[in-house]
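Step one of this worksheet: look at the structure below.
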Amino acid sequence: MAAAPATRLLYQEDSYLREFDAVVVDVRGDEVVLDATAFHPGPHGGLDTDTGFLEGSRGRWRIVAARMEGDIVYHVVPGHSLAPGERVHGVIDWERRYSMMRLHTFSHILAAVLYQRYNALVTGGHITPEMARDDFDLTGAGSEWKKALEEAFEEARGIASRCIEVKVYWLPREEALRIPGLVKLASRLPPEVDKLRIVEIPGVDIQADGAPHVRNTCEIGEVELVKIESKGRRRRRIYYKLVNS
């Protein structure tokens, strides 16, 4: 069986796209591949999966998850009766997505503060609609790592309240990688592609990133620190959530 073509990632073009039209290009059991999708796959980029619906001429089916393998997004659609060539309409569970977008943009601010203060790199993390967690290598803070997280969190909250426009654009890979601090992940570099998607919060942060974000930091709203704990020397963990989702 020939491999399906790469999926066009509509969420990278417009994070606020709630509905879209597409064509089924492959079906493998409960998994459906579309030529384009606004469903963000999880846990790709640290965010949990989008959910929602697919509507076709013969029915409406629930999308319970989306996952990415290589450059193809597979939509998990139990009980569907779709076939290649059919046109469908996708609908995102927007409240779920928007909560993750708000937390995701806040996570970039928090990472930027810790990078600037302690040269800390992100060593793990996951974002769901209910809560986010981030792990950092806070070797630079020494035994004061708890205080470092608490103070950075408060600074990040203040930055978010400034209503800074979040810019998303593309740069040639070589040019992008010359930007200091572009990569804040300890474990990997951006994918081997010709152009990288850049998410910039002017004066605060700039990162290579492929997942959805809000347009302005004031959309984040109030964020509450839930818990801080150690998962090892290179995994100082912080949990936080939206106060009003």
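Lettering and numbering for the structure tokens are positional, with chains as A, B, ... in the shown order, residues counted from 1 in each chain, and ligands counted from 1 in the shown order.
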- request: Run DSSP on the backbone of this structure and report the residues of range 10-245 of chain A it assigns to helix (DSSP H, G or I), as a ChimeraX atom specification.
  value: /A:10-13,44-46,94-118,139-160,173-176,217-219
Writing out the chosen residues with C-alpha atoms as a short mmCIF file (atom, residue, chain, number, x, y, z; two decimals), in the first residue's frame:
```
data_model
loop_
_atom_site.label_atom_id
_atom_site.label_comp_id
_atom_site.auth_asym_id
_atom_site.auth_seq_id
_atom_site.Cartn_x
_atom_site.Cartn_y
_atom_site.Cartn_z
CA LEU A 10 -3.85 23.96 9.10
CA TYR A 11 -3.40 24.68 12.82
CA GLN A 12 0.08 25.95 12.05
CA GLU A 13 -1.38 28.44 9.57
CA HIS A 44 3.11 16.21 19.68
CA GLY A 45 4.82 19.41 20.84
CA GLY A 46 3.90 18.71 24.45
CA TRP A 94 -12.80 24.65 20.72
CA GLU A 95 -12.93 25.17 24.48
CA ARG A 96 -10.52 22.27 24.96
CA ARG A 97 -8.13 23.62 22.31
CA TYR A 98 -8.29 27.24 23.50
CA SER A 99 -7.41 26.29 27.09
CA MET A 100 -4.33 24.46 25.82
CA MET A 101 -3.36 27.43 23.62
CA ARG A 102 -3.49 29.77 26.61
CA LEU A 103 -1.38 27.45 28.76
CA HIS A 104 1.04 26.84 25.90
CA THR A 105 1.78 30.53 25.40
CA PHE A 106 2.27 30.93 29.15
CA SER A 107 4.72 28.02 29.12
CA HIS A 108 6.84 29.89 26.57
CA ILE A 109 6.95 32.95 28.81
CA LEU A 110 7.91 30.87 31.84
CA ALA A 111 10.64 29.06 29.89
CA ALA A 112 12.00 32.39 28.65
CA VAL A 113 12.23 33.82 32.18
CA LEU A 114 14.06 30.75 33.49
CA TYR A 115 16.37 30.67 30.48
CA GLN A 116 17.29 34.33 30.95
CA ARG A 117 17.79 33.99 34.71
CA TYR A 118 19.51 30.60 34.96
CA THR A 139 21.35 23.46 37.83
CA GLY A 140 22.10 27.17 37.67
CA ALA A 141 19.79 27.88 40.62
CA GLY A 142 21.51 25.36 42.89
CA SER A 143 19.66 24.52 46.10
CA GLU A 144 17.35 27.51 45.59
CA TRP A 145 15.53 25.89 42.67
CA LYS A 146 12.10 26.00 44.36
CA LYS A 147 12.42 29.71 45.00
CA ALA A 148 13.66 30.15 41.44
CA LEU A 149 10.52 28.51 40.05
CA GLU A 150 8.21 30.50 42.31
CA GLU A 151 9.80 33.83 41.40
CA ALA A 152 9.93 33.00 37.68
CA PHE A 153 6.26 32.01 37.75
CA GLU A 154 5.29 35.36 39.26
CA GLU A 155 7.39 37.23 36.72
CA ALA A 156 5.77 35.24 33.89
CA ARG A 157 2.31 36.14 35.21
CA GLY A 158 3.25 39.80 35.12
CA ILE A 159 4.59 39.54 31.57
CA ALA A 160 1.42 37.80 30.38
CA ARG A 173 16.18 26.73 8.99
CA GLU A 174 19.80 27.91 8.89
CA GLU A 175 18.79 31.53 9.49
CA ALA A 176 16.48 30.57 12.35
CA THR A 217 -0.64 37.32 25.96
CA CYS A 218 -3.60 39.01 27.68
CA GLU A 219 -5.76 36.13 26.38
#
```
Output as a Markdown table one row per residue of range 37-145 of chain A within 8 Å of range 23-33 of chain A: the closest atom pair and its distance in Å to one decimal place, counting only C-alpha atoms, sorted by chain and residue number ascending.
```
| residue | atom | partner | partner_atom | distance |
| --- | --- | --- | --- | --- |
| A:Ile72 | CA | A:Val33 | CA | 7.4 |
| A:Val73 | CA | A:Val33 | CA | 6.3 |
| A:Tyr74 | CA | A:Val33 | CA | 5.1 |
| A:His75 | CA | A:Val32 | CA | 5.0 |
| A:Val76 | CA | A:Glu31 | CA | 4.6 |
| A:Val77 | CA | A:Asp30 | CA | 5.2 |
| A:Pro78 | CA | A:Asp30 | CA | 5.1 |
| A:Gly79 | CA | A:Asp30 | CA | 6.7 |
| A:His80 | CA | A:Asp30 | CA | 6.9 |
| A:Leu82 | CA | A:Val27 | CA | 7.5 |
| A:Ala83 | CA | A:Val27 | CA | 6.5 |
| A:Pro84 | CA | A:Val24 | CA | 4.8 |
| A:Gly85 | CA | A:Val24 | CA | 5.3 |
| A:Glu86 | CA | A:Val24 | CA | 5.4 |
| A:Arg87 | CA | A:Val23 | CA | 4.5 |
| A:Val88 | CA | A:Val23 | CA | 6.0 |
```
In range 44-134 of chain A, DSSP strand (DSSP E or B) residues written as a PyMOL selection string: chain A and resi 47+52-56+59-63+65-69+72-76+87-92+121-127+132-134
All residues 10 Å or closer to Arg60 in chain A, only C-alpha atoms, same chain fewer than 4 positions away omitted, as a PyMOL selection string: chain A and resi 53-56+80-81+88-90
Could you write those residues out with C-alpha atoms, as a PDB file, in the first residue's frame?
```pdb
ATOM      1  CA  PHE A  53     -16.063  15.635  14.948  1.00  0.00           C
ATOM      2  CA  LEU A  54     -15.852  14.641  11.302  1.00  0.00           C
ATOM      3  CA  GLU A  55     -18.948  15.141   9.199  1.00  0.00           C
ATOM      4  CA  GLY A  56     -19.513  13.473   5.831  1.00  0.00           C
ATOM      5  CA  HIS A  80     -16.673   5.493  10.974  1.00  0.00           C
ATOM      6  CA  SER A  81     -17.662   4.399   7.465  1.00  0.00           C
ATOM      7  CA  VAL A  88     -15.503  15.768   5.036  1.00  0.00           C
ATOM      8  CA  HIS A  89     -15.969  18.696   7.371  1.00  0.00           C
ATOM      9  CA  GLY A  90     -13.962  18.805  10.592  1.00  0.00           C
TER      10      GLY A  90
END
```
- request: Could you check how far CA of Val168 in chain A sits from CA of Ala6 in chain A, in Å to one decimal?
  value: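 The value is 21.6 Å.
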message: Could you tell me how far CA of Asp137 in chain A sits from CA of Arg236 in chain A, in Å to one decimal place?
response: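 Result for CA of Arg236 in chain A versus CA of Asp137 in chain A: 6.5 Å, one decimal.
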message: I'd like the contact shell of range 201-208 of chain A - 6 Å cut-off, only C-alpha atoms, skipping same-chain residues fewer than 5 positions apart - returned as a count of residues only.
response: 4
query: Distance CA of Asn119 in chain A-CA of Ser230 in chain A, one decimal place?
result: 18.2 Å
